[in-house]
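Colleague: Handing you this structure, nothing more for now.
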2 protein chains.
Amino acid sequence: MINEARKVNTIGIIGGTGKEGKGLAYRWVKAGHRVIIGSRQWEKAQKAVETVTELLGSETELLEGMENEDAVKACEIAVITVPYAAHRPTLEALKDALEGKLLIDVVVPIVPPKVTKVQMPEAGSVAQEAQNILGENCHVVDAFQNISHERLLQDGEVDCDVLVCGKGKAAREVVLELVKDAGLKGWDAGPIENAVVVEGLTSVLIGLNIQHHVHAAGIRITGIPDQD
Amino acid sequence: MINEARKVNTIGIIGGTGKEGKGLAYRWVKAGHRVIIGSRQWEKAQKAVETVTELLGSETELLEGMENEDAVKACEIAVITVPYAAHRPTLEALKDALEGKLLIDVVVPIVPPKVTKVQMPEAGSVAQEAQNILGENCHVVDAFQNISHERLLQDGEVDCDVLVCGKGKAAREVVLELVKDAGLKGWDAGPIENAVVVEGLTSVLIGLNIQHHVHAAGIRITGIPDQD
């Protein structure tokens, strides 16, 4: 089930005990990556590891749980999946550990109660906020904002593409590979200034979910022939 | 060819002599609406009418050309399809004529040379800029920003959905009907604050066009069963 014969990244998921974090961990471990689920509490990280292990159907050394800071220190690529309210304080606390790393930001700036209205942070976007906190030596890349998280915890195709945008084409290419490894179709959506589109689209999709009584409105890019 | 037996709107297209304007005029006249192509110069408007008439294959009283101000005065629903640089001055000049009307804003804030980077006007979006100029008594609604305009001048399906956002649900519903009449699939993308997503997506799609050597990257909304 788990593909052990490929280039392995060590991925640390900050606040990885929620559905997004566990879903991404599940898919990346299956693809052969080493994943560390991070949490503010070690115990919660272990519990998330148990859940994902159960889904995988077998124990694996590729999956571990740690406190957030240890997860970041041990990883090459960090991912942040915390509620928006925790975004800034979490990154400020982990700034030193994140120095020089690639950070995949999955956070959406959803501000209740107006969850269907695009409301960006003062920095312009969540990704830009992260980039401002972490400084130029870190590469922040947005991805997975528009995916219905339940779908990640199941096998099978997710009927939604992933727009990847952020600082540096090379960093975006690394993330596009990880999107593919998670079984999703990704697209290079350009520089970090485009994060407002990627993040804001989530509010549009939530609005469509509510209007149409569904749970997983998504998007697909059209007009580009398959080049695989 | 032209359906004359339906509710007819009179639609005035400000700066309607370009591809977008002519394409929308072509499709709406075919659906039975009365369309006035507006231009700064009466002669240019007549020339655009000739082109569209040729495409339609027969003369029709449903299609006329006028100067912009006359087009706006004669219409119930105005559409603006000018280059971004002309957006503000055009609306300032037509402010009185637009009083109390519904304005469909098709303009995208593309600022050369960085056409693949999202760059919004100070107001936050083109739609918000229009709303600020025209005041609360006008309803500004974004639509058609992500459609490849050549496709509008041909028959057949356009493989791209239309995100409709702007001031007031009732206004958005009127525009969604017009999207349908143009042969396209539209979605209510929410309040005017969401215009940043709809307009910014165009830069993302231009980036994908360049990367993949295509001309008409678009989007489709997924995860919502067809309710027609």
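Order determines the names: the first chain of the structure tokens is A, the second B, and so forth; residues in each chain are numbered 1 upward, and ligands are numbered 1 upward as they are shown.
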Residues of chain B that approach chain A to 9 Å or less, counting only C-alpha atoms: could you list each one with the shortest pair of atoms and its distance in Å to one decimal, rows by chain and increasing residue number, as a Markdown table?

Modeller:
| residue | atom | partner | partner_atom | distance |
| --- | --- | --- | --- | --- |
| B:Thr116 | CA | A:Gly190 | CA | 7.0 |
| B:Lys117 | CA | A:Asn194 | CA | 6.2 |
| B:Val118 | CA | A:Asn194 | CA | 5.2 |
| B:Gln119 | CA | A:Glu193 | CA | 7.6 |
| B:Asp159 | CA | A:Thr222 | CA | 6.6 |
| B:Cys160 | CA | A:Thr222 | CA | 6.8 |
| B:Trp187 | CA | A:Leu208 | CA | 7.8 |
| B:Asp188 | CA | A:Leu208 | CA | 7.3 |
| B:Ala189 | CA | A:Val204 | CA | 5.3 |
| B:Gly190 | CA | A:Val204 | CA | 6.6 |
| B:Pro191 | CA | A:Lys117 | CA | 6.6 |
| B:Ile192 | CA | A:Lys117 | CA | 8.5 |
| B:Glu193 | CA | A:Val118 | CA | 5.9 |
| B:Asn194 | CA | A:Val118 | CA | 5.3 |
| B:Ala195 | CA | A:Val118 | CA | 8.7 |
| B:Val196 | CA | A:Val197 | CA | 6.9 |
| B:Val197 | CA | A:Val197 | CA | 4.6 |
| B:Val198 | CA | A:Val197 | CA | 7.7 |
| B:Glu199 | CA | A:Val197 | CA | 8.6 |
| B:Gly200 | CA | A:Val197 | CA | 5.9 |
| B:Leu201 | CA | A:Val197 | CA | 6.1 |
| B:Ser203 | CA | A:Asn194 | CA | 8.1 |
| B:Val204 | CA | A:Ala189 | CA | 5.3 |
| B:Leu205 | CA | A:Ala189 | CA | 7.8 |
| B:Gly207 | CA | A:Gly190 | CA | 6.8 |
| B:Leu208 | CA | A:Ala189 | CA | 7.2 |
| B:Asn209 | CA | A:Ile224 | CA | 8.0 |
| B:Gln211 | CA | A:Asp188 | CA | 8.6 |
| B:His212 | CA | A:Ile224 | CA | 6.9 |
| B:His213 | CA | A:Ile224 | CA | 8.6 |
| B:Val214 | CA | A:Ile224 | CA | 6.6 |
| B:His215 | CA | A:Gly223 | CA | 7.9 |
| B:Ala216 | CA | A:Gly223 | CA | 5.5 |
| B:Ala217 | CA | A:Gly223 | CA | 4.4 |
| B:Gly218 | CA | A:Thr222 | CA | 4.8 |
| B:Ile219 | CA | A:Ile221 | CA | 4.6 |
| B:Arg220 | CA | A:Arg220 | CA | 5.2 |
| B:Ile221 | CA | A:Ile219 | CA | 4.5 |
| B:Thr222 | CA | A:Gly218 | CA | 4.9 |
| B:Gly223 | CA | A:Ala217 | CA | 4.4 |
| B:Ile224 | CA | A:Ala217 | CA | 6.0 |
| B:Pro225 | CA | A:His212 | CA | 8.6 |

Colleague: Can you tell me, as an MDAnalysis selection string, what residues are no more than 10 Å from Trp28 in chain A when counting only C-alpha atoms, ignoring any on the same chain fewer than 2 positions away?

Modeller: chainID A and resid 2:3 8:11 22:26 30:35 62:63 178:183

Colleague: Only N, CA and C atoms, please: the residues just picked out, written as an mmCIF file, in the first residue's frame.

Modeller:
data_model
loop_
_atom_site.group_PDB
_atom_site.id
_atom_site.type_symbol
_atom_site.label_atom_id
_atom_site.label_comp_id
_atom_site.auth_asym_id
_atom_site.auth_seq_id
_atom_site.Cartn_x
_atom_site.Cartn_y
_atom_site.Cartn_z
ATOM 1 N N ILE A 2 1.925 1.251 0.824
ATOM 2 C CA ILE A 2 2.785 2.424 0.913
ATOM 3 C C ILE A 2 3.976 2.264 -0.030
ATOM 4 N N ASN A 3 4.173 3.269 -0.838
ATOM 5 C CA ASN A 3 5.259 3.230 -1.815
ATOM 6 C C ASN A 3 6.556 3.712 -1.161
ATOM 7 N N VAL A 8 12.019 10.626 -0.896
ATOM 8 C CA VAL A 8 11.228 10.869 0.298
ATOM 9 C C VAL A 8 11.525 12.254 0.849
ATOM 10 N N ASN A 9 10.469 13.016 1.085
ATOM 11 C CA ASN A 9 10.618 14.265 1.815
ATOM 12 C C ASN A 9 10.191 14.044 3.256
ATOM 13 N N THR A 10 10.778 14.809 4.157
ATOM 14 C CA THR A 10 10.256 14.822 5.516
ATOM 15 C C THR A 10 9.411 16.074 5.667
ATOM 16 N N ILE A 11 8.131 15.833 5.892
ATOM 17 C CA ILE A 11 7.149 16.909 5.918
ATOM 18 C C ILE A 11 6.611 17.054 7.341
ATOM 19 N N LYS A 22 -4.513 15.629 8.937
ATOM 20 C CA LYS A 22 -4.559 14.164 8.900
ATOM 21 C C LYS A 22 -4.745 13.662 7.473
ATOM 22 N N GLY A 23 -5.575 14.365 6.710
ATOM 23 C CA GLY A 23 -5.810 13.958 5.316
ATOM 24 C C GLY A 23 -4.539 14.040 4.491
ATOM 25 N N LEU A 24 -3.810 15.136 4.636
ATOM 26 C CA LEU A 24 -2.552 15.286 3.888
ATOM 27 C C LEU A 24 -1.531 14.254 4.351
ATOM 28 N N ALA A 25 -1.461 14.032 5.675
ATOM 29 C CA ALA A 25 -0.525 13.030 6.212
ATOM 30 C C ALA A 25 -0.837 11.663 5.618
ATOM 31 N N TYR A 26 -2.110 11.307 5.608
ATOM 32 C CA TYR A 26 -2.551 10.013 5.072
ATOM 33 C C TYR A 26 -2.081 9.836 3.629
ATOM 34 N N LYS A 30 1.170 7.465 2.246
ATOM 35 C CA LYS A 30 0.878 6.460 1.212
ATOM 36 C C LYS A 30 1.776 6.612 -0.006
ATOM 37 N N ALA A 31 2.162 7.869 -0.278
ATOM 38 C CA ALA A 31 3.034 8.131 -1.437
ATOM 39 C C ALA A 31 4.504 7.891 -1.101
ATOM 40 N N GLY A 32 4.782 7.534 0.166
ATOM 41 C CA GLY A 32 6.159 7.200 0.538
ATOM 42 C C GLY A 32 6.928 8.291 1.262
ATOM 43 N N HIS A 33 6.275 9.418 1.540
ATOM 44 C CA HIS A 33 6.972 10.476 2.279
ATOM 45 C C HIS A 33 6.963 10.186 3.779
ATOM 46 N N ARG A 34 7.926 10.792 4.467
ATOM 47 C CA ARG A 34 7.945 10.744 5.921
ATOM 48 C C ARG A 34 7.167 11.961 6.424
ATOM 49 N N VAL A 35 6.192 11.734 7.265
ATOM 50 C CA VAL A 35 5.337 12.833 7.740
ATOM 51 C C VAL A 35 5.337 12.889 9.264
ATOM 52 N N LEU A 62 7.111 5.752 8.752
ATOM 53 C CA LEU A 62 7.044 7.017 8.006
ATOM 54 C C LEU A 62 6.206 8.062 8.726
ATOM 55 N N LEU A 63 5.436 7.651 9.723
ATOM 56 C CA LEU A 63 4.517 8.574 10.387
ATOM 57 C C LEU A 63 4.850 8.726 11.866
ATOM 58 N N LEU A 178 4.312 17.631 -4.565
ATOM 59 C CA LEU A 178 3.619 17.097 -3.380
ATOM 60 C C LEU A 178 2.104 17.052 -3.590
ATOM 61 N N VAL A 179 1.590 17.970 -4.370
ATOM 62 C CA VAL A 179 0.159 17.947 -4.715
ATOM 63 C C VAL A 179 -0.143 16.679 -5.514
ATOM 64 N N LYS A 180 0.728 16.411 -6.464
ATOM 65 C CA LYS A 180 0.587 15.211 -7.294
ATOM 66 C C LYS A 180 0.683 13.950 -6.424
ATOM 67 N N ASP A 181 1.630 13.956 -5.509
ATOM 68 C CA ASP A 181 1.788 12.801 -4.620
ATOM 69 C C ASP A 181 0.556 12.603 -3.731
ATOM 70 N N ALA A 182 -0.153 13.687 -3.467
ATOM 71 C CA ALA A 182 -1.384 13.573 -2.674
ATOM 72 C C ALA A 182 -2.567 13.133 -3.547
ATOM 73 N N GLY A 183 -2.274 12.856 -4.815
ATOM 74 C CA GLY A 183 -3.325 12.355 -5.701
ATOM 75 C C GLY A 183 -4.184 13.446 -6.303
#

Colleague: Suppose you want the space between CA of Leu103 in chain B and CA of Trp42 in chain B; what is it in Å?

Modeller: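 About the pair CA of Leu103 in chain B and CA of Trp42 in chain B: they are 21.2 Å apart.
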
Colleague: Tell me, as a list of chain:residue names, which residues lie within 8 Å of Tyr84 in chain A, counting only C-alpha atoms; anything in the same chain fewer than 5 positions away does not count.

Modeller: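 Using only C-alpha atoms, the neighbours found are A:Val107, A:Val108, A:Pro109, A:Ile110, A:Val111.
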
Colleague: Include all heavy atoms and write out the residues we just selected as a CSV table (one decimal), in the first residue's frame.

Modeller:
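The file below, selection.csv, is the result:
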chain,number,residue,atom,x,y,z
A,107,VAL,N,-3.8,27.7,5.3
A,107,VAL,CA,-4.8,28.4,6.1
A,107,VAL,C,-5.6,29.4,5.2
A,107,VAL,O,-5.1,30.0,4.3
A,107,VAL,CB,-4.0,29.2,7.2
A,107,VAL,CG1,-5.0,30.1,7.9
A,107,VAL,CG2,-3.3,28.3,8.1
A,108,VAL,N,-6.9,29.4,5.5
A,108,VAL,CA,-7.8,30.4,4.7
A,108,VAL,C,-8.3,31.4,5.7
A,108,VAL,O,-8.6,31.1,6.9
A,108,VAL,CB,-9.0,29.7,4.1
A,108,VAL,CG1,-8.6,29.0,2.8
A,108,VAL,CG2,-9.7,28.7,5.0
A,109,PRO,N,-8.4,32.7,5.2
A,109,PRO,CA,-8.8,33.8,6.1
A,109,PRO,C,-10.3,33.9,6.3
A,109,PRO,O,-10.9,34.8,5.9
A,109,PRO,CB,-8.2,35.0,5.4
A,109,PRO,CG,-8.2,34.6,4.0
A,109,PRO,CD,-8.0,33.1,3.9
A,110,ILE,N,-10.8,32.8,6.8
A,110,ILE,CA,-12.3,32.8,7.0
A,110,ILE,C,-12.6,33.5,8.4
A,110,ILE,O,-12.0,33.1,9.4
A,110,ILE,CB,-12.8,31.3,7.1
A,110,ILE,CG1,-12.6,30.6,5.7
A,110,ILE,CG2,-14.2,31.2,7.5
A,110,ILE,CD1,-13.3,31.2,4.6
A,111,VAL,N,-13.4,34.5,8.3
A,111,VAL,CA,-13.7,35.3,9.5
A,111,VAL,C,-15.2,35.2,9.8
A,111,VAL,O,-16.0,35.9,9.2
A,111,VAL,CB,-13.3,36.8,9.3
A,111,VAL,CG1,-13.5,37.5,10.6
A,111,VAL,CG2,-11.8,36.9,8.8

Colleague: Smallest atom-to-atom distance to Glu99 in chain B: which of B:His139, B:Lys114, B:Lys169, B:His87, using only C-alpha atoms?

Modeller: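 Under the stated criterion, the closest residue is B:His139.
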
Colleague: Run DSSP on the backbone and tell me which residues of range 56-158 of chain B come out as helix (DSSP H, G or I); list them as a PyMOL selection string.

Modeller: chain B and resi 56+68-74+84-98+126-134+149-152

Colleague: Which residues are close to Leu134 in chain A, i.e. within 9 Å by only C-alpha atoms, leaving aside same-chain residues fewer than 2 positions away? Reply as a list in words.

Modeller: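 Residues near the query, excluding close chain neighbours: Leu91, Glu92, Leu94, Lys95, Asp96, Leu98, Glu99, Gly100, Glu129, Ala130, Gln131, Asn132, Glu136, Asn137, Cys138, His139 and Val140 of chain A.
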
Colleague: Kindly save the residues from that selection, with all heavy atoms included, as a compact mmCIF listing (two decimals), in the first residue's frame.

Modeller:
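Ended up saving to out-v2.txt:
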# COMPACT_ATOMS: atom_id res chain seq x y z
N LEU A 91 3.04 31.17 13.85
CA LEU A 91 4.24 31.41 13.03
C LEU A 91 5.27 32.25 13.79
O LEU A 91 6.48 32.02 13.68
CB LEU A 91 3.86 32.08 11.71
CG LEU A 91 3.15 31.17 10.72
CD1 LEU A 91 2.77 31.93 9.47
CD2 LEU A 91 4.01 29.95 10.35
N GLU A 92 4.78 33.21 14.58
CA GLU A 92 5.72 34.02 15.36
C GLU A 92 6.50 33.14 16.33
O GLU A 92 7.70 33.30 16.52
CB GLU A 92 4.98 35.16 16.08
CG GLU A 92 4.68 36.32 15.12
CD GLU A 92 3.77 37.40 15.69
OE1 GLU A 92 3.17 37.17 16.77
OE2 GLU A 92 3.66 38.46 15.04
N LEU A 94 7.21 30.01 15.94
CA LEU A 94 8.04 29.01 15.25
C LEU A 94 9.03 29.63 14.27
O LEU A 94 9.71 28.94 13.53
CB LEU A 94 7.14 28.02 14.49
CG LEU A 94 6.21 27.16 15.35
CD1 LEU A 94 5.23 26.40 14.46
CD2 LEU A 94 7.02 26.19 16.21
N LYS A 95 9.10 30.96 14.29
CA LYS A 95 9.90 31.69 13.31
C LYS A 95 11.34 31.16 13.18
O LYS A 95 11.82 30.89 12.07
CB LYS A 95 9.91 33.18 13.68
CG LYS A 95 10.60 34.04 12.66
CD LYS A 95 10.62 35.51 13.04
CE LYS A 95 11.58 36.19 12.07
NZ LYS A 95 11.60 37.63 12.20
N ASP A 96 12.00 30.98 14.32
CA ASP A 96 13.40 30.54 14.26
C ASP A 96 13.52 29.13 13.67
O ASP A 96 14.40 28.87 12.84
CB ASP A 96 14.03 30.57 15.65
CG ASP A 96 14.21 32.01 16.14
OD1 ASP A 96 14.14 32.93 15.30
OD2 ASP A 96 14.38 32.20 17.36
N LEU A 98 11.61 27.78 11.56
CA LEU A 98 11.24 27.77 10.14
C LEU A 98 12.27 28.45 9.24
O LEU A 98 12.18 28.38 8.01
CB LEU A 98 9.88 28.46 9.95
CG LEU A 98 8.66 27.61 10.34
CD1 LEU A 98 7.42 28.48 10.52
CD2 LEU A 98 8.40 26.54 9.28
N GLU A 99 13.27 29.06 9.83
CA GLU A 99 14.32 29.78 9.09
C GLU A 99 14.83 28.96 7.89
O GLU A 99 15.29 27.82 8.04
CB GLU A 99 15.48 30.08 10.07
CG GLU A 99 16.75 30.60 9.44
CD GLU A 99 16.70 32.10 9.12
OE1 GLU A 99 15.85 32.80 9.71
OE2 GLU A 99 17.50 32.55 8.27
N GLY A 100 14.71 29.56 6.73
CA GLY A 100 15.27 28.93 5.52
C GLY A 100 14.47 27.79 4.94
O GLY A 100 14.88 27.19 3.94
N GLU A 129 1.08 37.42 4.84
CA GLU A 129 1.26 37.60 6.29
C GLU A 129 2.37 36.66 6.79
O GLU A 129 3.27 37.08 7.52
CB GLU A 129 -0.06 37.30 7.00
CG GLU A 129 -0.03 37.53 8.51
CD GLU A 129 -1.42 37.33 9.13
OE1 GLU A 129 -2.18 38.30 9.21
OE2 GLU A 129 -1.74 36.19 9.55
N ALA A 130 2.31 35.41 6.36
CA ALA A 130 3.34 34.44 6.75
C ALA A 130 4.71 34.88 6.25
O ALA A 130 5.70 34.87 6.99
CB ALA A 130 3.00 33.06 6.20
N GLN A 131 4.76 35.31 5.00
CA GLN A 131 6.03 35.74 4.40
C GLN A 131 6.60 36.93 5.16
O GLN A 131 7.81 36.99 5.44
CB GLN A 131 5.79 36.09 2.93
CG GLN A 131 7.05 36.24 2.10
CD GLN A 131 7.80 34.93 1.92
OE1 GLN A 131 7.32 34.01 1.30
NE2 GLN A 131 8.99 34.82 2.50
N ASN A 132 5.74 37.87 5.54
CA ASN A 132 6.20 39.04 6.31
C ASN A 132 6.76 38.64 7.67
O ASN A 132 7.76 39.18 8.12
CB ASN A 132 5.05 40.04 6.50
CG ASN A 132 4.60 40.66 5.19
OD1 ASN A 132 5.22 40.47 4.15
ND2 ASN A 132 3.49 41.39 5.24
N GLU A 136 12.47 37.04 4.24
CA GLU A 136 12.77 36.68 2.86
C GLU A 136 13.47 35.33 2.71
O GLU A 136 13.48 34.75 1.63
CB GLU A 136 13.65 37.77 2.23
CG GLU A 136 12.88 39.03 1.87
CD GLU A 136 11.70 38.75 0.95
OE1 GLU A 136 11.92 38.25 -0.16
OE2 GLU A 136 10.55 39.02 1.35
N ASN A 137 14.04 34.85 3.79
CA ASN A 137 14.80 33.61 3.72
C ASN A 137 13.91 32.35 3.76
O ASN A 137 14.39 31.23 3.67
CB ASN A 137 15.84 33.59 4.86
CG ASN A 137 16.95 32.60 4.61
OD1 ASN A 137 17.18 32.20 3.47
ND2 ASN A 137 17.62 32.20 5.67
N CYS A 138 12.62 32.57 3.93
CA CYS A 138 11.67 31.45 3.95
C CYS A 138 10.81 31.55 2.68
O CYS A 138 10.56 32.64 2.18
CB CYS A 138 10.81 31.57 5.20
SG CYS A 138 9.69 30.18 5.47
N HIS A 139 10.42 30.42 2.12
CA HIS A 139 9.56 30.44 0.94
C HIS A 139 8.16 29.99 1.33
O HIS A 139 7.97 28.83 1.70
CB HIS A 139 10.12 29.54 -0.16
CG HIS A 139 11.32 30.12 -0.82
ND1 HIS A 139 11.27 30.77 -2.02
CD2 HIS A 139 12.61 30.19 -0.41
CE1 HIS A 139 12.48 31.21 -2.34
NE2 HIS A 139 13.31 30.86 -1.39
N VAL A 140 7.22 30.89 1.26
CA VAL A 140 5.84 30.56 1.61
C VAL A 140 5.05 30.29 0.33
O VAL A 140 5.07 31.11 -0.60
CB VAL A 140 5.18 31.70 2.41
CG1 VAL A 140 3.72 31.36 2.71
CG2 VAL A 140 5.95 31.98 3.69

Colleague: Determine which residues of range 9-136 of chain B DSSP labels as strand (DSSP E) from the backbone of this structure, then write them out as a PyMOL selection string.

Modeller: chain B and resi 10-14+34-39+63-67+77-80+102-105

Colleague: Considering only C-alpha atoms, state which residue in the set A:Asp142, A:Asp70, A:Glu150, A:Glu177 is at the smallest distance from Gln128 in chain A.

Modeller: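 Closest to Gln128 in chain A of all the choices is A:Asp142.
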
Colleague: Hey, which of B:Glu173, B:Glu157, B:Glu61, B:Glu69 ends up closest to Ala93 in chain B? Count only C-alpha atoms.

Modeller: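 Checking each candidate against Ala93 in chain B, we get B:Glu69 as the closest.
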
Colleague: If you measure from CA of Ser148 in chain A to CA of Lys167 in chain B, what distance in Å do you get, rounded to one decimal?

Modeller: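 Result for CA of Ser148 in chain A versus CA of Lys167 in chain B: 27.6 Å, one decimal.
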